[in-house]
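Below: coords.pdb (PDB, C-alpha atoms)
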```
ATOM      1  CA  MET Q   1      42.468  89.758  91.776  1.00  0.00           C
ATOM      2  CA  LYS Q   2      40.671  92.893  92.834  1.00  0.00           C
ATOM      3  CA  ARG Q   3      39.049  93.079  89.397  1.00  0.00           C
ATOM      4  CA  ILE Q   4      37.764  89.505  89.724  1.00  0.00           C
ATOM      5  CA  PHE Q   5      36.618  89.352  93.323  1.00  0.00           C
ATOM      6  CA  GLY Q   6      36.325  93.059  93.978  1.00  0.00           C
ATOM      7  CA  THR Q   7      37.231  94.863  97.160  1.00  0.00           C
ATOM      8  CA  ALA Q   8      35.451  94.669 100.454  1.00  0.00           C
ATOM      9  CA  LYS Q   9      33.128  97.553 101.001  1.00  0.00           C
ATOM     10  CA  LYS Q  10      33.805  99.599 104.079  1.00  0.00           C
ATOM     11  CA  LEU Q  11      30.902  99.393 106.433  1.00  0.00           C
ATOM     12  CA  PRO Q  12      29.710 102.685 107.891  1.00  0.00           C
ATOM     13  CA  PRO Q  13      30.497 103.156 111.562  1.00  0.00           C
ATOM     14  CA  PRO Q  14      27.717 102.144 113.926  1.00  0.00           C
ATOM     15  CA  PRO Q  15      25.600 104.977 115.240  1.00  0.00           C
ATOM     16  CA  THR Q  16      26.453 106.384 118.606  1.00  0.00           C
ATOM     17  CA  LEU Q  17      24.059 106.524 121.508  1.00  0.00           C
ATOM     18  CA  ASP Q  18      23.602 110.246 121.042  1.00  0.00           C
ATOM     19  CA  GLU Q  19      22.717 109.801 117.373  1.00  0.00           C
ATOM     20  CA  THR Q  20      20.254 107.031 118.182  1.00  0.00           C
ATOM     21  CA  ALA Q  21      18.679 109.116 120.928  1.00  0.00           C
ATOM     22  CA  GLY Q  22      18.295 112.003 118.495  1.00  0.00           C
ATOM     23  CA  LYS Q  23      16.568 109.833 115.900  1.00  0.00           C
ATOM     24  CA  ILE Q  24      14.149 108.415 118.464  1.00  0.00           C
ATOM     25  CA  SER Q  25      13.407 111.922 119.706  1.00  0.00           C
ATOM     26  CA  ASP Q  26      12.589 113.032 116.157  1.00  0.00           C
ATOM     27  CA  LYS Q  27      10.266 110.062 115.711  1.00  0.00           C
ATOM     28  CA  GLY Q  28       8.532 110.878 118.952  1.00  0.00           C
ATOM     29  CA  ASP Q  29       7.977 114.479 117.829  1.00  0.00           C
ATOM     30  CA  LYS Q  30       6.393 113.274 114.571  1.00  0.00           C
ATOM     31  CA  VAL Q  31       4.089 110.891 116.452  1.00  0.00           C
ATOM     32  CA  ASP Q  32       3.066 113.732 118.786  1.00  0.00           C
ATOM     33  CA  ASP Q  33       2.203 115.890 115.785  1.00  0.00           C
ATOM     34  CA  LYS Q  34       0.034 113.106 114.365  1.00  0.00           C
ATOM     35  CA  ILE Q  35      -1.755 112.644 117.680  1.00  0.00           C
ATOM     36  CA  LYS Q  36      -2.373 116.377 117.836  1.00  0.00           C
ATOM     37  CA  GLY Q  37      -3.917 116.297 114.326  1.00  0.00           C
ATOM     38  CA  LEU Q  38      -6.183 113.413 115.289  1.00  0.00           C
ATOM     39  CA  ASP Q  39      -7.323 115.293 118.390  1.00  0.00           C
ATOM     40  CA  GLU Q  40      -8.333 118.200 116.183  1.00  0.00           C
ATOM     41  CA  GLN Q  41     -10.344 115.842 113.942  1.00  0.00           C
ATOM     42  CA  LEU Q  42     -12.079 114.326 116.960  1.00  0.00           C
ATOM     43  CA  ALA Q  43     -12.983 117.815 118.179  1.00  0.00           C
ATOM     44  CA  ARG Q  44     -14.587 118.613 114.802  1.00  0.00           C
ATOM     45  CA  PHE Q  45     -16.513 115.328 114.802  1.00  0.00           C
ATOM     46  CA  LYS Q  46     -17.760 116.130 118.294  1.00  0.00           C
ATOM     47  CA  ASP Q  47     -19.123 119.477 117.130  1.00  0.00           C
ATOM     48  CA  GLN Q  48     -20.768 117.826 114.100  1.00  0.00           C
ATOM     49  CA  LEU Q  49     -22.434 115.232 116.321  1.00  0.00           C
ATOM     50  CA  LYS Q  50     -23.910 118.000 118.471  1.00  0.00           C
ATOM     51  CA  LYS Q  51     -25.355 119.756 115.382  1.00  0.00           C
ATOM     52  CA  THR Q  52     -26.570 116.611 113.564  1.00  0.00           C
ATOM     53  CA  ARG Q  53     -29.844 114.921 114.338  1.00  0.00           C
ATOM     54  CA  PRO Q  54     -29.990 111.190 115.029  1.00  0.00           C
ATOM     55  CA  GLY Q  55     -29.985 109.256 111.784  1.00  0.00           C
ATOM     56  CA  PRO Q  56     -27.714 107.908 109.067  1.00  0.00           C
ATOM     57  CA  ALA Q  57     -25.647 111.099 108.910  1.00  0.00           C
ATOM     58  CA  GLN Q  58     -24.902 110.981 112.615  1.00  0.00           C
ATOM     59  CA  GLU Q  59     -24.014 107.284 112.441  1.00  0.00           C
ATOM     60  CA  ALA Q  60     -21.577 108.003 109.597  1.00  0.00           C
ATOM     61  CA  ILE Q  61     -19.894 110.697 111.683  1.00  0.00           C
ATOM     62  CA  LYS Q  62     -19.620 108.292 114.609  1.00  0.00           C
ATOM     63  CA  ARG Q  63     -17.942 105.625 112.421  1.00  0.00           C
ATOM     64  CA  ARG Q  64     -15.390 108.127 111.149  1.00  0.00           C
ATOM     65  CA  ALA Q  65     -14.771 109.415 114.681  1.00  0.00           C
ATOM     66  CA  LEU Q  66     -14.304 105.833 115.895  1.00  0.00           C
ATOM     67  CA  GLN Q  67     -11.746 105.197 113.154  1.00  0.00           C
ATOM     68  CA  VAL Q  68      -9.825 108.338 114.097  1.00  0.00           C
ATOM     69  CA  LEU Q  69      -9.932 107.308 117.750  1.00  0.00           C
ATOM     70  CA  LYS Q  70      -8.434 103.900 116.894  1.00  0.00           C
ATOM     71  CA  GLN Q  71      -5.608 105.618 115.001  1.00  0.00           C
ATOM     72  CA  LYS Q  72      -4.982 107.849 117.976  1.00  0.00           C
ATOM     73  CA  LYS Q  73      -4.722 104.865 120.324  1.00  0.00           C
ATOM     74  CA  LEU Q  74      -2.227 103.217 117.944  1.00  0.00           C
ATOM     75  CA  TYR Q  75      -0.046 106.311 117.811  1.00  0.00           C
ATOM     76  CA  GLU Q  76      -0.201 106.665 121.592  1.00  0.00           C
ATOM     77  CA  GLN Q  77       1.130 103.108 121.940  1.00  0.00           C
ATOM     78  CA  GLN Q  78       3.954 103.923 119.517  1.00  0.00           C
ATOM     79  CA  ARG Q  79       4.742 107.032 121.469  1.00  0.00           C
ATOM     80  CA  GLU Q  80       4.949 105.075 124.732  1.00  0.00           C
ATOM     81  CA  GLN Q  81       7.330 102.600 123.097  1.00  0.00           C
ATOM     82  CA  LEU Q  82       9.509 105.428 121.814  1.00  0.00           C
ATOM     83  CA  TYR Q  83       9.543 107.003 125.262  1.00  0.00           C
ATOM     84  CA  GLN Q  84      10.669 103.698 126.779  1.00  0.00           C
ATOM     85  CA  GLN Q  85      13.408 103.305 124.152  1.00  0.00           C
ATOM     86  CA  GLN Q  86      14.508 106.880 124.780  1.00  0.00           C
ATOM     87  CA  PHE Q  87      14.699 106.204 128.496  1.00  0.00           C
ATOM     88  CA  ASN Q  88      16.759 103.033 127.972  1.00  0.00           C
ATOM     89  CA  ILE Q  89      19.196 104.828 125.671  1.00  0.00           C
ATOM     90  CA  ASP Q  90      19.573 107.722 128.101  1.00  0.00           C
ATOM     91  CA  GLN Q  91      20.177 105.302 130.944  1.00  0.00           C
ATOM     92  CA  THR Q  92      22.772 103.393 128.903  1.00  0.00           C
ATOM     93  CA  ASN Q  93      24.450 106.638 127.860  1.00  0.00           C
ATOM     94  CA  PHE Q  94      24.592 107.755 131.484  1.00  0.00           C
ATOM     95  CA  THR Q  95      26.153 104.438 132.520  1.00  0.00           C
ATOM     96  CA  VAL Q  96      28.749 104.596 129.734  1.00  0.00           C
ATOM     97  CA  GLN Q  97      29.655 108.150 130.670  1.00  0.00           C
ATOM     98  CA  SER Q  98      29.941 107.157 134.326  1.00  0.00           C
ATOM     99  CA  VAL Q  99      32.331 104.354 133.391  1.00  0.00           C
ATOM    100  CA  LYS Q 100      34.453 106.779 131.364  1.00  0.00           C
ATOM    101  CA  ASP Q 101      34.523 109.223 134.234  1.00  0.00           C
ATOM    102  CA  THR Q 102      35.540 106.437 136.615  1.00  0.00           C
ATOM    103  CA  VAL Q 103      38.386 105.394 134.316  1.00  0.00           C
ATOM    104  CA  GLU Q 104      39.639 108.982 134.084  1.00  0.00           C
ATOM    105  CA  THR Q 105      39.414 109.363 137.854  1.00  0.00           C
ATOM    106  CA  VAL Q 106      41.383 106.165 138.471  1.00  0.00           C
ATOM    107  CA  GLN Q 107      44.039 107.238 135.960  1.00  0.00           C
ATOM    108  CA  ALA Q 108      44.390 110.633 137.625  1.00  0.00           C
ATOM    109  CA  MET Q 109      44.661 109.007 141.048  1.00  0.00           C
ATOM    110  CA  LYS Q 110      47.286 106.598 139.702  1.00  0.00           C
ATOM    111  CA  VAL Q 111      49.426 109.490 138.458  1.00  0.00           C
ATOM    112  CA  ALA Q 112      48.984 111.327 141.756  1.00  0.00           C
ATOM    113  CA  SER Q 113      49.958 108.209 143.708  1.00  0.00           C
ATOM    114  CA  LYS Q 114      53.137 107.848 141.648  1.00  0.00           C
ATOM    115  CA  GLU Q 115      54.057 111.477 142.208  1.00  0.00           C
ATOM    116  CA  MET Q 116      53.455 111.184 145.954  1.00  0.00           C
ATOM    117  CA  ARG Q 117      55.573 108.015 146.159  1.00  0.00           C
ATOM    118  CA  THR Q 118      58.424 109.765 144.330  1.00  0.00           C
ATOM    119  CA  ALA Q 119      58.145 112.799 146.591  1.00  0.00           C
ATOM    120  CA  PHE Q 120      58.274 110.662 149.742  1.00  0.00           C
ATOM    121  CA  LYS Q 121      61.363 108.862 148.503  1.00  0.00           C
ATOM    122  CA  ALA Q 122      63.192 111.995 147.334  1.00  0.00           C
ATOM    123  CA  ASN Q 123      62.485 114.276 150.312  1.00  0.00           C
ATOM    124  CA  LYS Q 124      63.558 113.275 153.783  1.00  0.00           C
ATOM    125  CA  GLU Q 125      61.426 116.149 155.116  1.00  0.00           C
ATOM    126  CA  LEU Q 126      58.414 113.904 154.512  1.00  0.00           C
ATOM    127  CA  ASP Q 127      59.805 111.122 156.717  1.00  0.00           C
ATOM    128  CA  ILE Q 128      57.711 110.897 159.868  1.00  0.00           C
ATOM    129  CA  ARG Q 129      60.747 109.918 161.948  1.00  0.00           C
ATOM    130  CA  PHE Q 130      62.624 112.979 160.737  1.00  0.00           C
ATOM    131  CA  ILE Q 131      59.648 115.192 161.615  1.00  0.00           C
ATOM    132  CA  ASP Q 132      59.394 113.652 165.099  1.00  0.00           C
ATOM    133  CA  ARG Q 133      63.098 114.235 165.755  1.00  0.00           C
ATOM    134  CA  MET Q 134      62.822 117.793 164.500  1.00  0.00           C
ATOM    135  CA  GLN Q 135      59.869 118.471 166.800  1.00  0.00           C
ATOM    136  CA  ASP Q 136      61.783 117.040 169.765  1.00  0.00           C
ATOM    137  CA  ASP Q 137      64.819 119.200 168.960  1.00  0.00           C
ATOM    138  CA  LEU Q 138      62.652 122.308 168.692  1.00  0.00           C
ATOM    139  CA  PHE Q 139      61.051 121.550 172.049  1.00  0.00           C
ATOM    140  CA  ASP Q 140      64.458 121.074 173.693  1.00  0.00           C
ATOM    141  CA  MET Q 141      65.837 124.294 172.194  1.00  0.00           C
ATOM    142  CA  MET Q 142      62.785 126.266 173.308  1.00  0.00           C
ATOM    143  CA  ASP Q 143      63.189 124.843 176.819  1.00  0.00           C
ATOM    144  CA  MET Q 144      66.864 125.858 176.804  1.00  0.00           C
ATOM    145  CA  ALA Q 145      65.959 129.341 175.558  1.00  0.00           C
ATOM    146  CA  ASN Q 146      63.497 129.755 178.441  1.00  0.00           C
ATOM    147  CA  ASP Q 147      66.194 128.707 180.932  1.00  0.00           C
ATOM    148  CA  ILE Q 148      68.602 131.219 179.401  1.00  0.00           C
ATOM    149  CA  ASN Q 149      66.056 134.044 179.571  1.00  0.00           C
ATOM    150  CA  GLU Q 150      65.302 133.198 183.176  1.00  0.00           C
ATOM    151  CA  ALA Q 151      69.006 133.201 184.028  1.00  0.00           C
ATOM    152  CA  MET Q 152      69.594 136.507 182.241  1.00  0.00           C
ATOM    153  CA  SER Q 153      66.693 138.168 184.092  1.00  0.00           C
ATOM    154  CA  ARG Q 154      68.101 137.552 187.577  1.00  0.00           C
ATOM    155  CA  SER Q 155      68.836 140.605 189.798  1.00  0.00           C
ATOM    156  CA  TYR Q 156      72.364 141.178 191.096  1.00  0.00           C
ATOM    157  CA  ALA Q 157      73.412 142.112 194.695  1.00  0.00           C
ATOM    158  CA  VAL Q 158      69.940 141.466 196.114  1.00  0.00           C
ATOM    159  CA  PRO Q 159      69.986 139.528 199.394  1.00  0.00           C
ATOM    160  CA  GLU Q 160      68.029 136.348 199.225  1.00  0.00           C
ATOM    161  CA  ASP Q 161      66.858 136.422 202.897  1.00  0.00           C
ATOM    162  CA  VAL Q 162      64.822 139.629 202.623  1.00  0.00           C
ATOM    163  CA  ASP Q 163      61.337 139.258 204.070  1.00  0.00           C
ATOM    164  CA  GLU Q 164      58.564 140.490 201.853  1.00  0.00           C
ATOM    165  CA  GLY Q 165      56.628 141.787 204.876  1.00  0.00           C
ATOM    166  CA  ASP Q 166      59.569 143.993 205.888  1.00  0.00           C
ATOM    167  CA  LEU Q 167      59.755 145.380 202.365  1.00  0.00           C
ATOM    168  CA  MET Q 168      56.051 146.281 202.421  1.00  0.00           C
ATOM    169  CA  ALA Q 169      56.422 148.010 205.821  1.00  0.00           C
ATOM    170  CA  GLU Q 170      59.318 150.092 204.509  1.00  0.00           C
ATOM    171  CA  LEU Q 171      57.280 150.975 201.425  1.00  0.00           C
ATOM    172  CA  ASP Q 172      54.361 152.191 203.602  1.00  0.00           C
ATOM    173  CA  ALA Q 173      56.696 154.283 205.731  1.00  0.00           C
ATOM    174  CA  LEU Q 174      58.223 155.796 202.621  1.00  0.00           C
ATOM    175  CA  GLU Q 175      54.774 156.748 201.323  1.00  0.00           C
ATOM    176  CA  MET Q 176      53.944 158.430 204.707  1.00  0.00           C
ATOM    177  CA  ASP Q 177      57.200 160.402 204.594  1.00  0.00           C
ATOM    178  CA  MET Q 178      56.500 161.499 201.050  1.00  0.00           C
ATOM    179  CA  GLY Q 179      52.996 162.677 202.108  1.00  0.00           C
ATOM    180  CA  THR Q 180      54.430 164.688 205.037  1.00  0.00           C
ATOM    181  CA  GLU Q 181      57.012 166.357 202.799  1.00  0.00           C
ATOM    182  CA  ALA Q 182      54.312 167.256 200.298  1.00  0.00           C
ATOM    183  CA  THR Q 183      52.250 168.954 203.085  1.00  0.00           C
ATOM    184  CA  ILE Q 184      55.246 170.965 204.325  1.00  0.00           C
ATOM    185  CA  SER Q 185      56.114 172.077 200.804  1.00  0.00           C
ATOM    186  CA  GLU Q 186      52.557 173.417 200.323  1.00  0.00           C
ATOM    187  CA  LYS Q 187      52.258 175.324 203.728  1.00  0.00           C
ATOM    188  CA  GLY Q 188      55.910 176.142 204.278  1.00  0.00           C
ATOM    189  CA  PRO Q 189      58.027 175.527 207.459  1.00  0.00           C
ATOM    190  CA  SER Q 190      56.426 175.994 210.897  1.00  0.00           C
ATOM    191  CA  TYR Q 191      58.425 179.145 211.777  1.00  0.00           C
ATOM    192  CA  MET Q 192      57.021 180.911 208.727  1.00  0.00           C
ATOM    193  CA  GLN Q 193      53.385 180.030 209.446  1.00  0.00           C
ATOM    194  CA  GLU Q 194      51.277 182.772 211.197  1.00  0.00           C
ATOM    195  CA  GLU Q 195      49.473 181.865 214.358  1.00  0.00           C
ATOM    196  CA  GLU Q 196      45.739 182.279 214.271  1.00  0.00           C
ATOM    197  CA  ILE Q 197      44.539 184.863 216.927  1.00  0.00           C
ATOM    198  CA  GLU Q 198      40.997 184.623 218.161  1.00  0.00           C
ATOM    199  CA  LEU Q 199      39.314 188.061 218.155  1.00  0.00           C
ATOM    200  CA  PRO Q 200      36.188 188.954 220.170  1.00  0.00           C
ATOM    201  CA  SER Q 201      32.976 188.855 218.265  1.00  0.00           C
ATOM    202  CA  VAL Q 202      31.272 192.140 217.362  1.00  0.00           C
ATOM    203  CA  PRO Q 203      27.638 192.384 218.601  1.00  0.00           C
ATOM    204  CA  GLU Q 204      25.119 192.553 215.823  1.00  0.00           C
ATOM    205  CA  PRO Q 205      22.768 195.597 215.700  1.00  0.00           C
ATOM    206  CA  ASP Q 206      19.109 195.113 216.636  1.00  0.00           C
ATOM    207  CA  ALA Q 207      17.002 194.616 213.572  1.00  0.00           C
ATOM    208  CA  HIS Q 208      13.996 196.517 215.147  1.00  0.00           C
ATOM    209  CA  PRO Q 209      15.225 199.316 217.489  1.00  0.00           C
ATOM    210  CA  ALA Q 210      12.712 200.318 220.235  1.00  0.00           C
ATOM    211  CA  THR Q 211      10.969 203.667 219.988  1.00  0.00           C
ATOM    212  CA  GLU Q 212      11.101 206.340 222.818  1.00  0.00           C
ATOM    213  CA  LYS Q 213       7.553 205.509 223.886  1.00  0.00           C
ATOM    214  CA  GLU Q 214       8.403 201.835 224.267  1.00  0.00           C
ATOM    215  CA  ALA Q 215      11.597 202.670 226.116  1.00  0.00           C
ATOM    216  CA  ALA Q 216       9.628 204.849 228.546  1.00  0.00           C
ATOM    217  CA  ILE Q 217       7.115 202.134 229.132  1.00  0.00           C
ATOM    218  CA  LYS Q 218       9.910 199.647 229.831  1.00  0.00           C
ATOM    219  CA  SER Q 219      11.595 202.032 232.261  1.00  0.00           C
TER     220      SER Q 219
END
```

So that I can check it, write out the structure of this file as structure tokens.
Amino acid sequence: MKRIFGTAKKLPPPPTLDETAGKISDKGDKVDDKIKGLDEQLARFKDQLKKTRPGPAQEAIKRRALQVLKQKKLYEQQREQLYQQQFNIDQTNFTVQSVKDTVETVQAMKVASKEMRTAFKANKELDIRFIDRMQDDLFDMMDMANDINEAMSRSYAVPEDVDEGDLMAELDALEMDMGTEATISEKGPSYMQEEEIELPSVPEPDAHPATEKEAAIKS
């Protein structure tokens, strides 16, 4: 049967967006090269028109320049079309890639959601009620620990009716006694201290003694 009817030919795979974009880009480069060549021709015609006098020769140059200008306009239109096609393909490619990225993101989130659901079911530590009870127990135990520390820090055999003012007065008196003892220890006891005796003052000599003549005059 295959010899009679033959076998179906395998069709080539359709081009991808990247391949199509590459082909359009190559076409656009070729069109740009052609436009560049036409610009060079127009520049030469412009120089020839400046050097040629009015007449048949100048008119012939103008006709050829006009023909080149028409070709340039045609290629510019083709280039604009290629640019628009390139833009559409790039936009489509961007949209397709965005869809793929969205699908991958949703799949990853689906796997993560399944893992989180399994973890919540398998671990009671993730139960909010368990966490609340644990926090309450910790608060109660910390409160009990503070009560224990306060009880253990109490002073023994200290009367409860002691006035704080009386304690401060006794502390001041103790400081005065300690200051008196420090003074005695520096000077020694009273019976060992020498009494200070006031002696008469010695007259100071005259800085300018009087001469005999002055003494006689005074007498």

(message) Could you check the closest approach to Glu40 in chain Q for each of Q:Arg53, Q:Asp137, Q:Ala65, Q:Val111 and tell me which residue wins, using only C-alpha atoms?
(response)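 So, comparing all the options, the nearest one is Q:Ala65.
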
(request) Pick out the closest residue to Thr20 in chain Q from this set: Q:Asn123, Q:Arg63, Q:Leu82, Q:Lys51. Count all atoms listed in the file. (result)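 Among the listed residues, the smallest separation from Thr20 in chain Q belongs to Q:Leu82.
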
Counting all atoms listed in the file, which residues have an atom no more than 12 Å from (6.3, 102.9, 118.5) in the file's coordinates? Please list them as a compact mmCIF listing (two decimals) with C-alpha atoms, in the coordinates of the input.
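Resulting contents of result_4.txt:
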```
# COMPACT_ATOMS: atom_id res chain seq x y z
CA ILE Q 24 14.15 108.42 118.46
CA SER Q 25 13.41 111.92 119.71
CA LYS Q 27 10.27 110.06 115.71
CA GLY Q 28 8.53 110.88 118.95
CA ASP Q 29 7.98 114.48 117.83
CA LYS Q 30 6.39 113.27 114.57
CA VAL Q 31 4.09 110.89 116.45
CA ASP Q 32 3.07 113.73 118.79
CA LYS Q 73 -4.72 104.86 120.32
CA LEU Q 74 -2.23 103.22 117.94
CA TYR Q 75 -0.05 106.31 117.81
CA GLU Q 76 -0.20 106.66 121.59
CA GLN Q 77 1.13 103.11 121.94
CA GLN Q 78 3.95 103.92 119.52
CA ARG Q 79 4.74 107.03 121.47
CA GLU Q 80 4.95 105.08 124.73
CA GLN Q 81 7.33 102.60 123.10
CA LEU Q 82 9.51 105.43 121.81
CA TYR Q 83 9.54 107.00 125.26
CA GLN Q 84 10.67 103.70 126.78
CA GLN Q 85 13.41 103.30 124.15
CA GLN Q 86 14.51 106.88 124.78
```

(request) Work out how far CA of Arg117 in chain Q is from CA of Arg133 in chain Q, in Å to one decimal. (result)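 So the answer is 21.9 Å.
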
(message) My list of candidates is Q:Phe120, Q:Leu42, Q:Met152, Q:Ala21. Which is closest to Lys70 in chain Q when distances are computed with all atoms listed in the file?
(response)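 Once distances to Lys70 in chain Q are computed over all atoms listed in the file, the minimum belongs to Q:Leu42.
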
(message) If I take CA of Lys34 in chain Q and CA of Gln71 in chain Q, how far is one from the other in Å, to one decimal?
(response) 9.4 Å

Box centre and edge lengths (Å, one decimal), axis-aligned, range 10-15 of chain Q plus 3 Å each side, as lines of an AutoDock Vina configuration file:
```
center_x = 29.7
center_y = 102.2
center_z = 109.7
size_x = 14.2
size_y = 11.6
size_z = 17.2
```

(request) Report the distance between CA of Ala43 in chain Q and CA of Ile61 in chain Q in Å, rounded to one decimal place. (result)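 Between CA of Ala43 in chain Q and CA of Ile61 in chain Q the gap works out to 11.9 Å.
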